[in-house]
$ cat model35.cif   # mmCIF, N, CA and C atoms
data_data
#
loop_
_atom_site.label_atom_id
_atom_site.label_comp_id
_atom_site.auth_asym_id
_atom_site.auth_seq_id
_atom_site.Cartn_x
_atom_site.Cartn_y
_atom_site.Cartn_z
N LYS A 1 11.35 36.27 4.64
CA LYS A 1 12.38 37.22 4.25
C LYS A 1 12.29 37.54 2.76
N ASN A 2 12.04 36.55 1.93
CA ASN A 2 11.96 36.75 0.49
C ASN A 2 10.50 36.82 0.08
N THR A 3 10.08 37.94 -0.46
CA THR A 3 8.67 38.13 -0.80
C THR A 3 8.25 37.37 -2.05
N GLN A 4 9.20 36.82 -2.81
CA GLN A 4 8.86 36.05 -3.99
C GLN A 4 8.47 34.61 -3.64
N LEU A 5 8.81 34.17 -2.44
CA LEU A 5 8.53 32.81 -2.02
C LEU A 5 7.38 32.79 -1.03
N SER A 6 6.55 31.77 -1.12
CA SER A 6 5.42 31.61 -0.21
C SER A 6 5.60 30.30 0.56
N TYR A 7 5.33 30.33 1.84
CA TYR A 7 5.44 29.15 2.69
C TYR A 7 4.41 28.10 2.29
N TYR A 8 4.78 26.84 2.39
CA TYR A 8 3.81 25.75 2.27
C TYR A 8 3.92 24.90 3.54
N GLN A 9 2.80 24.27 3.90
CA GLN A 9 2.78 23.41 5.08
C GLN A 9 3.78 22.29 4.91
N GLY A 10 4.76 22.23 5.75
CA GLY A 10 5.77 21.20 5.68
C GLY A 10 7.18 21.76 5.54
N TYR A 11 7.30 22.99 5.04
CA TYR A 11 8.66 23.53 4.88
C TYR A 11 9.34 23.74 6.23
N HIS A 12 8.55 23.87 7.29
CA HIS A 12 9.14 23.99 8.62
C HIS A 12 9.91 22.71 8.99
N ASP A 13 9.48 21.55 8.46
CA ASP A 13 10.22 20.31 8.72
C ASP A 13 11.60 20.37 8.08
N ILE A 14 11.67 20.89 6.88
CA ILE A 14 12.97 21.07 6.20
C ILE A 14 13.83 22.03 7.02
N SER A 15 13.26 23.16 7.38
CA SER A 15 14.01 24.18 8.14
C SER A 15 14.47 23.64 9.49
N SER A 16 13.64 22.82 10.11
CA SER A 16 14.00 22.28 11.43
C SER A 16 15.26 21.42 11.36
N VAL A 17 15.40 20.65 10.31
CA VAL A 17 16.59 19.82 10.16
C VAL A 17 17.83 20.71 10.11
N PHE A 18 17.76 21.77 9.33
CA PHE A 18 18.91 22.68 9.24
C PHE A 18 19.18 23.39 10.57
N LEU A 19 18.14 23.79 11.26
CA LEU A 19 18.32 24.47 12.55
C LEU A 19 18.92 23.53 13.59
N ILE A 20 18.49 22.29 13.62
CA ILE A 20 19.03 21.32 14.56
C ILE A 20 20.51 21.06 14.26
N LEU A 21 20.83 20.92 13.00
CA LEU A 21 22.20 20.61 12.62
C LEU A 21 23.18 21.77 12.78
N PHE A 22 22.74 22.95 12.36
CA PHE A 22 23.68 24.07 12.22
C PHE A 22 23.46 25.22 13.19
N GLY A 23 22.41 25.17 13.99
CA GLY A 23 22.13 26.29 14.87
C GLY A 23 21.36 27.38 14.12
N ARG A 24 21.05 28.43 14.84
CA ARG A 24 20.15 29.46 14.30
C ARG A 24 20.66 30.15 13.04
N ASN A 25 21.82 30.78 13.10
CA ASN A 25 22.29 31.58 11.96
C ASN A 25 22.56 30.74 10.72
N MET A 26 23.37 29.72 10.85
CA MET A 26 23.70 28.88 9.70
C MET A 26 22.47 28.07 9.28
N GLY A 27 21.64 27.67 10.23
CA GLY A 27 20.42 26.92 9.90
C GLY A 27 19.48 27.73 9.03
N PHE A 28 19.27 29.01 9.39
CA PHE A 28 18.42 29.87 8.56
C PHE A 28 19.05 30.10 7.18
N PHE A 29 20.36 30.26 7.15
CA PHE A 29 21.06 30.43 5.88
C PHE A 29 20.85 29.20 4.98
N MET A 30 21.02 28.01 5.56
CA MET A 30 20.86 26.77 4.79
C MET A 30 19.42 26.59 4.33
N ALA A 31 18.45 26.90 5.20
CA ALA A 31 17.04 26.78 4.82
C ALA A 31 16.71 27.74 3.68
N GLU A 32 17.27 28.93 3.72
CA GLU A 32 17.03 29.89 2.64
C GLU A 32 17.68 29.44 1.34
N LYS A 33 18.90 28.91 1.43
CA LYS A 33 19.57 28.41 0.23
C LYS A 33 18.78 27.24 -0.39
N ALA A 34 18.32 26.33 0.47
CA ALA A 34 17.53 25.19 -0.02
C ALA A 34 16.23 25.68 -0.66
N ALA A 35 15.64 26.70 -0.06
CA ALA A 35 14.39 27.26 -0.61
C ALA A 35 14.62 27.76 -2.03
N HIS A 36 15.73 28.41 -2.27
CA HIS A 36 16.01 28.98 -3.59
C HIS A 36 16.46 27.94 -4.62
N VAL A 37 17.11 26.88 -4.16
CA VAL A 37 17.67 25.90 -5.10
C VAL A 37 16.74 24.70 -5.27
N HIS A 38 16.33 24.09 -4.17
CA HIS A 38 15.60 22.82 -4.24
C HIS A 38 14.08 22.95 -4.11
N PHE A 39 13.61 24.01 -3.50
CA PHE A 39 12.18 24.14 -3.23
C PHE A 39 11.55 25.37 -3.87
N ARG A 40 12.32 26.05 -4.69
CA ARG A 40 11.86 27.31 -5.30
C ARG A 40 10.52 27.16 -6.00
N ASP A 41 10.40 26.14 -6.84
CA ASP A 41 9.15 25.96 -7.58
C ASP A 41 7.98 25.72 -6.63
N TRP A 42 8.21 24.93 -5.60
CA TRP A 42 7.13 24.61 -4.67
C TRP A 42 6.76 25.80 -3.80
N LEU A 43 7.70 26.70 -3.61
CA LEU A 43 7.45 27.91 -2.82
C LEU A 43 6.96 29.08 -3.67
N THR A 44 6.91 28.87 -4.99
CA THR A 44 6.54 29.93 -5.91
C THR A 44 5.23 29.66 -6.64
N TYR A 45 5.06 28.44 -7.10
CA TYR A 45 3.93 28.10 -7.96
C TYR A 45 2.87 27.30 -7.20
N PRO A 46 1.65 27.27 -7.71
CA PRO A 46 0.59 26.47 -7.07
C PRO A 46 0.93 24.97 -7.08
N PHE A 47 0.39 24.25 -6.11
CA PHE A 47 0.68 22.82 -5.97
C PHE A 47 0.37 22.02 -7.22
N ASP A 48 -0.70 22.35 -7.91
CA ASP A 48 -1.06 21.55 -9.08
C ASP A 48 -0.03 21.70 -10.20
N GLU A 49 0.79 22.73 -10.13
CA GLU A 49 1.84 22.91 -11.12
C GLU A 49 3.18 22.34 -10.66
N THR A 50 3.27 21.92 -9.42
CA THR A 50 4.56 21.48 -8.90
C THR A 50 4.46 20.09 -8.28
N VAL A 51 4.01 20.03 -7.05
CA VAL A 51 4.02 18.76 -6.32
C VAL A 51 3.14 17.72 -7.00
N MET A 52 1.96 18.12 -7.42
CA MET A 52 1.07 17.16 -8.08
C MET A 52 1.71 16.62 -9.35
N ARG A 53 2.39 17.47 -10.07
CA ARG A 53 3.08 17.03 -11.29
C ARG A 53 4.21 16.06 -10.94
N GLN A 54 4.94 16.34 -9.86
CA GLN A 54 6.02 15.46 -9.44
C GLN A 54 5.49 14.09 -9.00
N MET A 55 4.35 14.09 -8.32
CA MET A 55 3.76 12.81 -7.90
C MET A 55 3.33 12.00 -9.11
N THR A 56 2.77 12.64 -10.10
CA THR A 56 2.38 11.96 -11.34
C THR A 56 3.61 11.41 -12.05
N LEU A 57 4.67 12.20 -12.12
CA LEU A 57 5.92 11.76 -12.73
C LEU A 57 6.50 10.56 -11.98
N MET A 58 6.41 10.57 -10.65
CA MET A 58 6.91 9.45 -9.86
C MET A 58 6.20 8.15 -10.24
N ILE A 59 4.89 8.21 -10.42
CA ILE A 59 4.13 7.02 -10.82
C ILE A 59 4.57 6.55 -12.21
N LYS A 60 4.83 7.49 -13.12
CA LYS A 60 5.30 7.13 -14.45
C LYS A 60 6.68 6.47 -14.38
N LEU A 61 7.54 6.96 -13.51
CA LEU A 61 8.86 6.35 -13.34
C LEU A 61 8.73 4.92 -12.81
N VAL A 62 7.85 4.73 -11.84
CA VAL A 62 7.60 3.39 -11.31
C VAL A 62 7.11 2.49 -12.44
N GLY A 63 6.19 2.99 -13.26
CA GLY A 63 5.65 2.22 -14.37
C GLY A 63 6.68 1.87 -15.42
N LYS A 64 7.65 2.75 -15.63
CA LYS A 64 8.73 2.45 -16.58
C LYS A 64 9.57 1.26 -16.09
N HIS A 65 9.75 1.20 -14.79
CA HIS A 65 10.55 0.13 -14.21
C HIS A 65 9.75 -1.16 -14.05
N ASP A 66 8.48 -1.01 -13.67
CA ASP A 66 7.62 -2.17 -13.41
C ASP A 66 6.20 -1.82 -13.84
N GLU A 67 5.85 -2.25 -15.04
CA GLU A 67 4.58 -1.85 -15.64
C GLU A 67 3.38 -2.26 -14.79
N GLU A 68 3.39 -3.47 -14.28
CA GLU A 68 2.26 -3.95 -13.47
C GLU A 68 2.07 -3.10 -12.21
N PHE A 69 3.16 -2.80 -11.53
CA PHE A 69 3.08 -2.00 -10.31
C PHE A 69 2.70 -0.56 -10.64
N GLY A 70 3.21 -0.06 -11.76
CA GLY A 70 2.83 1.28 -12.19
C GLY A 70 1.35 1.39 -12.45
N GLU A 71 0.76 0.36 -13.07
CA GLU A 71 -0.69 0.35 -13.31
C GLU A 71 -1.46 0.25 -11.99
N PHE A 72 -0.93 -0.55 -11.06
CA PHE A 72 -1.54 -0.67 -9.73
C PHE A 72 -1.64 0.70 -9.07
N LEU A 73 -0.54 1.46 -9.11
CA LEU A 73 -0.52 2.78 -8.47
C LEU A 73 -1.30 3.81 -9.28
N ALA A 74 -1.31 3.67 -10.60
CA ALA A 74 -2.00 4.63 -11.46
C ALA A 74 -3.51 4.57 -11.29
N ASP A 75 -4.00 3.46 -10.75
CA ASP A 75 -5.45 3.35 -10.51
C ASP A 75 -5.94 4.36 -9.48
N PHE A 76 -5.03 4.84 -8.65
CA PHE A 76 -5.39 5.88 -7.69
C PHE A 76 -5.24 7.22 -8.40
N GLU A 77 -6.16 8.13 -8.14
CA GLU A 77 -6.15 9.40 -8.86
C GLU A 77 -4.81 10.11 -8.72
N LEU A 78 -4.34 10.25 -7.51
CA LEU A 78 -3.02 10.82 -7.25
C LEU A 78 -2.41 10.09 -6.06
N PRO A 79 -1.12 9.86 -6.09
CA PRO A 79 -0.47 9.17 -4.97
C PRO A 79 -0.21 10.13 -3.80
N VAL A 80 -1.29 10.60 -3.20
CA VAL A 80 -1.17 11.59 -2.13
C VAL A 80 -0.38 11.04 -0.94
N PHE A 81 -0.34 9.70 -0.81
CA PHE A 81 0.44 9.10 0.27
C PHE A 81 1.90 9.53 0.21
N SER A 82 2.37 9.95 -0.96
CA SER A 82 3.77 10.35 -1.11
C SER A 82 3.99 11.86 -0.95
N MET A 83 2.92 12.61 -0.77
CA MET A 83 3.05 14.08 -0.76
C MET A 83 4.01 14.58 0.32
N SER A 84 3.88 14.07 1.53
CA SER A 84 4.75 14.58 2.59
C SER A 84 6.21 14.25 2.33
N TRP A 85 6.47 13.15 1.60
CA TRP A 85 7.86 12.83 1.27
C TRP A 85 8.44 13.87 0.34
N PHE A 86 7.66 14.31 -0.62
CA PHE A 86 8.12 15.37 -1.52
C PHE A 86 8.33 16.68 -0.76
N LEU A 87 7.36 17.04 0.04
CA LEU A 87 7.37 18.35 0.69
C LEU A 87 8.39 18.47 1.81
N THR A 88 8.72 17.35 2.45
CA THR A 88 9.60 17.41 3.62
C THR A 88 10.85 16.56 3.49
N TRP A 89 11.05 15.96 2.33
CA TRP A 89 12.19 15.07 2.12
C TRP A 89 12.24 13.99 3.20
N PHE A 90 11.12 13.44 3.54
CA PHE A 90 10.96 12.36 4.51
C PHE A 90 11.18 12.81 5.96
N SER A 91 11.51 14.05 6.20
CA SER A 91 11.83 14.49 7.57
C SER A 91 10.60 14.52 8.47
N HIS A 92 9.43 14.56 7.90
CA HIS A 92 8.20 14.57 8.71
C HIS A 92 7.79 13.16 9.12
N THR A 93 8.13 12.17 8.31
CA THR A 93 7.63 10.82 8.57
C THR A 93 8.68 9.84 9.07
N PHE A 94 9.93 9.98 8.66
CA PHE A 94 10.94 9.03 9.11
C PHE A 94 11.29 9.29 10.57
N GLY A 95 11.26 8.25 11.36
CA GLY A 95 11.59 8.37 12.78
C GLY A 95 13.09 8.33 13.03
N ASN A 96 13.86 7.87 12.07
CA ASN A 96 15.30 7.73 12.22
C ASN A 96 15.98 9.00 11.69
N PHE A 97 16.42 9.86 12.60
CA PHE A 97 16.99 11.15 12.19
C PHE A 97 18.27 10.97 11.38
N ASN A 98 19.08 9.96 11.71
CA ASN A 98 20.30 9.73 10.93
C ASN A 98 19.98 9.38 9.49
N LEU A 99 18.90 8.63 9.27
CA LEU A 99 18.48 8.32 7.91
C LEU A 99 18.00 9.58 7.19
N VAL A 100 17.28 10.43 7.90
CA VAL A 100 16.85 11.71 7.32
C VAL A 100 18.07 12.52 6.89
N LEU A 101 19.10 12.54 7.72
CA LEU A 101 20.31 13.28 7.37
C LEU A 101 20.98 12.72 6.13
N ARG A 102 20.98 11.40 6.00
CA ARG A 102 21.56 10.78 4.80
C ARG A 102 20.76 11.15 3.56
N ILE A 103 19.45 11.18 3.70
CA ILE A 103 18.59 11.60 2.58
C ILE A 103 18.87 13.04 2.21
N PHE A 104 18.99 13.91 3.22
CA PHE A 104 19.30 15.31 2.96
C PHE A 104 20.65 15.44 2.26
N ASP A 105 21.66 14.70 2.72
CA ASP A 105 22.97 14.74 2.07
C ASP A 105 22.85 14.42 0.59
N TYR A 106 22.13 13.34 0.31
CA TYR A 106 21.97 12.94 -1.09
C TYR A 106 21.22 14.01 -1.89
N LEU A 107 20.09 14.47 -1.36
CA LEU A 107 19.25 15.40 -2.13
C LEU A 107 19.90 16.78 -2.27
N LEU A 108 20.62 17.23 -1.27
CA LEU A 108 21.29 18.53 -1.37
C LEU A 108 22.42 18.50 -2.40
N SER A 109 22.99 17.33 -2.60
CA SER A 109 24.09 17.23 -3.56
C SER A 109 23.61 16.82 -4.96
N SER A 110 22.30 16.76 -5.13
CA SER A 110 21.71 16.34 -6.40
C SER A 110 20.86 17.46 -7.00
N LYS A 111 20.37 17.20 -8.18
CA LYS A 111 19.44 18.13 -8.81
C LYS A 111 18.10 18.10 -8.06
N PRO A 112 17.32 19.17 -8.13
CA PRO A 112 16.03 19.18 -7.42
C PRO A 112 15.09 18.03 -7.78
N SER A 113 15.22 17.48 -8.97
CA SER A 113 14.35 16.38 -9.38
C SER A 113 14.71 15.06 -8.72
N ALA A 114 15.85 14.98 -8.05
CA ALA A 114 16.31 13.72 -7.46
C ALA A 114 15.31 13.16 -6.45
N VAL A 115 14.57 14.02 -5.78
CA VAL A 115 13.60 13.53 -4.80
C VAL A 115 12.54 12.66 -5.47
N THR A 116 12.18 12.97 -6.69
CA THR A 116 11.19 12.18 -7.42
C THR A 116 11.72 10.77 -7.68
N TYR A 117 12.97 10.68 -8.06
CA TYR A 117 13.59 9.38 -8.32
C TYR A 117 13.77 8.59 -7.02
N LEU A 118 14.14 9.28 -5.95
CA LEU A 118 14.30 8.61 -4.66
C LEU A 118 12.97 8.03 -4.18
N ILE A 119 11.90 8.78 -4.30
CA ILE A 119 10.59 8.31 -3.87
C ILE A 119 10.13 7.14 -4.75
N ALA A 120 10.38 7.22 -6.05
CA ALA A 120 10.03 6.10 -6.93
C ALA A 120 10.79 4.84 -6.51
N ALA A 121 12.07 4.97 -6.19
CA ALA A 121 12.86 3.82 -5.75
C ALA A 121 12.33 3.28 -4.42
N PHE A 122 11.96 4.17 -3.54
CA PHE A 122 11.42 3.76 -2.25
C PHE A 122 10.12 2.97 -2.44
N ILE A 123 9.26 3.47 -3.29
CA ILE A 123 7.99 2.80 -3.58
C ILE A 123 8.25 1.44 -4.23
N LEU A 124 9.16 1.39 -5.19
CA LEU A 124 9.48 0.12 -5.84
C LEU A 124 10.03 -0.90 -4.84
N HIS A 125 10.81 -0.42 -3.89
CA HIS A 125 11.36 -1.29 -2.86
C HIS A 125 10.25 -1.92 -2.01
N GLN A 126 9.13 -1.23 -1.89
CA GLN A 126 8.01 -1.71 -1.08
C GLN A 126 6.92 -2.40 -1.90
N LYS A 127 7.20 -2.67 -3.16
CA LYS A 127 6.19 -3.21 -4.08
C LYS A 127 5.45 -4.42 -3.51
N GLU A 128 6.18 -5.44 -3.13
CA GLU A 128 5.55 -6.68 -2.67
C GLU A 128 4.63 -6.43 -1.49
N ASN A 129 5.12 -5.70 -0.52
CA ASN A 129 4.29 -5.42 0.66
C ASN A 129 3.05 -4.61 0.30
N LEU A 130 3.22 -3.61 -0.54
CA LEU A 130 2.09 -2.77 -0.92
C LEU A 130 1.04 -3.56 -1.71
N MET A 131 1.50 -4.34 -2.66
CA MET A 131 0.54 -5.08 -3.49
C MET A 131 -0.13 -6.22 -2.72
N ASN A 132 0.60 -6.86 -1.82
CA ASN A 132 0.05 -8.00 -1.09
C ASN A 132 -0.82 -7.61 0.10
N THR A 133 -0.43 -6.54 0.79
CA THR A 133 -1.17 -6.19 2.00
C THR A 133 -2.22 -5.11 1.79
N CYS A 134 -2.06 -4.33 0.76
CA CYS A 134 -2.95 -3.18 0.59
C CYS A 134 -3.98 -3.35 -0.52
N GLU A 135 -3.73 -4.29 -1.42
CA GLU A 135 -4.61 -4.51 -2.57
C GLU A 135 -4.94 -3.18 -3.24
N LYS A 136 -6.21 -2.87 -3.42
CA LYS A 136 -6.59 -1.61 -4.08
C LYS A 136 -7.19 -0.63 -3.08
N ASP A 137 -6.79 -0.76 -1.83
CA ASP A 137 -7.34 0.07 -0.77
C ASP A 137 -6.40 1.25 -0.53
N TYR A 138 -6.80 2.42 -1.00
CA TYR A 138 -5.94 3.60 -0.88
C TYR A 138 -5.62 3.92 0.57
N ALA A 139 -6.60 3.82 1.45
CA ALA A 139 -6.37 4.11 2.87
C ALA A 139 -5.33 3.16 3.45
N ALA A 140 -5.36 1.90 3.03
CA ALA A 140 -4.38 0.92 3.52
C ALA A 140 -2.97 1.27 3.03
N ILE A 141 -2.86 1.71 1.79
CA ILE A 141 -1.55 2.11 1.27
C ILE A 141 -1.02 3.32 2.04
N HIS A 142 -1.89 4.28 2.26
CA HIS A 142 -1.49 5.48 2.99
C HIS A 142 -1.03 5.10 4.40
N MET A 143 -1.78 4.26 5.09
CA MET A 143 -1.43 3.85 6.45
C MET A 143 -0.13 3.04 6.45
N TYR A 144 0.01 2.14 5.50
CA TYR A 144 1.26 1.34 5.42
C TYR A 144 2.46 2.27 5.25
N CYS A 145 2.36 3.22 4.36
CA CYS A 145 3.49 4.14 4.11
C CYS A 145 3.80 4.97 5.35
N LEU A 146 2.78 5.41 6.05
CA LEU A 146 3.02 6.17 7.29
C LEU A 146 3.70 5.32 8.35
N LEU A 147 3.22 4.11 8.53
CA LEU A 147 3.78 3.23 9.56
C LEU A 147 5.17 2.76 9.19
N TYR A 148 5.39 2.44 7.92
CA TYR A 148 6.70 1.96 7.49
C TYR A 148 7.78 3.03 7.68
N THR A 149 7.45 4.25 7.34
CA THR A 149 8.45 5.32 7.43
C THR A 149 8.66 5.81 8.85
N SER A 150 7.76 5.50 9.77
CA SER A 150 7.93 5.99 11.13
C SER A 150 8.87 5.10 11.94
N ASP A 151 9.18 3.91 11.43
CA ASP A 151 10.10 2.98 12.16
C ASP A 151 11.54 3.39 12.01
#
$ encode --input "model35.cif" --output "structure tokens"
Amino acid sequence: KNTQLSYYQGYHDISSVFLILFGRNMGFFMAEKAAHVHFRDWLTYPFDETVMRQMTLMIKLVGKHDEEFGEFLADFELPVFSMSWFLTWFSHTFGNFNLVLRIFDYLLSSKPSAVTYLIAAFILHQKENLMNTCEKDYAAIHMYCLLYTSD
């Protein structure tokens, strides 16, 4: 509908949550409002200027809280394992729809940058498991994050 915004793979997950909750008319209205307020940059600018920057910032936030863990994560070029969380607000990976709704409640009532802080907190919460079970194996971290969020 808006020619200034471009679709990215994953925005349908965001829209689906609104459509399920509110039905067609209000769901489309909410998805459009979210696009303009919370996802505008991601729907307007190239990924390297938006999502990639947010993923890098998330690692820096983790490092501010826990230097050792931040260095562990910084060894990977980019934390791509977190990309779908940024793009879909966990709606693509979390199997618990009520939890997804709680995340949406929080993020819709916050500034657009809140998702970066939420993901950093989520990663910090998983520190022990990630460092002990995944070591420096990027594929293992990616698989752990996918399996953990699907429960």
$ select_by_dssp --input "model35.cif" --residues "range 2-151 of chain A" --states "helix (DSSP H, G or I)" --output "VMD selection string"
chain A and resid 11 to 37 40 to 44 47 to 49 51 to 65 67 to 74 80 to 88 97 to 108 114 to 125 127 to 134 138 to 150
$ residues_around --input "model35.cif" --residues "Ser113 in chain A" --least-positions-apart "2" --cutoff "12 Å" --atoms "only C-alpha atoms" --output "ChimeraX atom specification"
/A:37-42,50-51,53-55,57-58,86,89,106-111,115-120
$ atom_distance --input "model35.cif" --atom1 "CA of Cys134 in chain A" --atom2 "atom N of Phe90 in chain A"
22.0 Å
$ closest_residue --input "model35.cif" --among "A:Gly10, A:Pro46, A:Gly95, A:Gly70" --to "Lys127 in chain A" --atoms "only C-alpha atoms"
A:Gly70
$ atom_distance --input "model35.cif" --atom1 "atom N of Leu101 in chain A" --atom2 "atom N of Val17 in chain A"
9.3 Å
$ atom_distance --input "model35.cif" --atom1 "atom N of Tyr144 in chain A" --atom2 "atom N of Leu43 in chain A"
27.3 Å
$ closest_residue --input "model35.cif" --among "A:Met52, A:Gly23, A:Ala74, A:Gln4" --to "Leu87 in chain A" --atoms "only C-alpha atoms"
A:Met52
$ axis_aligned_box --input "model35.cif" --around "range 90-95 of chain A" --padding-each-side "5 Å" --output "AutoDock Vina command-line options"
--center_x 10.4 --center_y 11.4 --center_z 8.3 --size_x 15.5 --size_y 16.3 --size_z 19.5
$ closest_residue --input "model35.cif" --among "A:Phe81, A:Thr44, A:Glu71, A:Leu61" --to "Met143 in chain A" --atoms "all atoms listed in the file"
A:Phe81
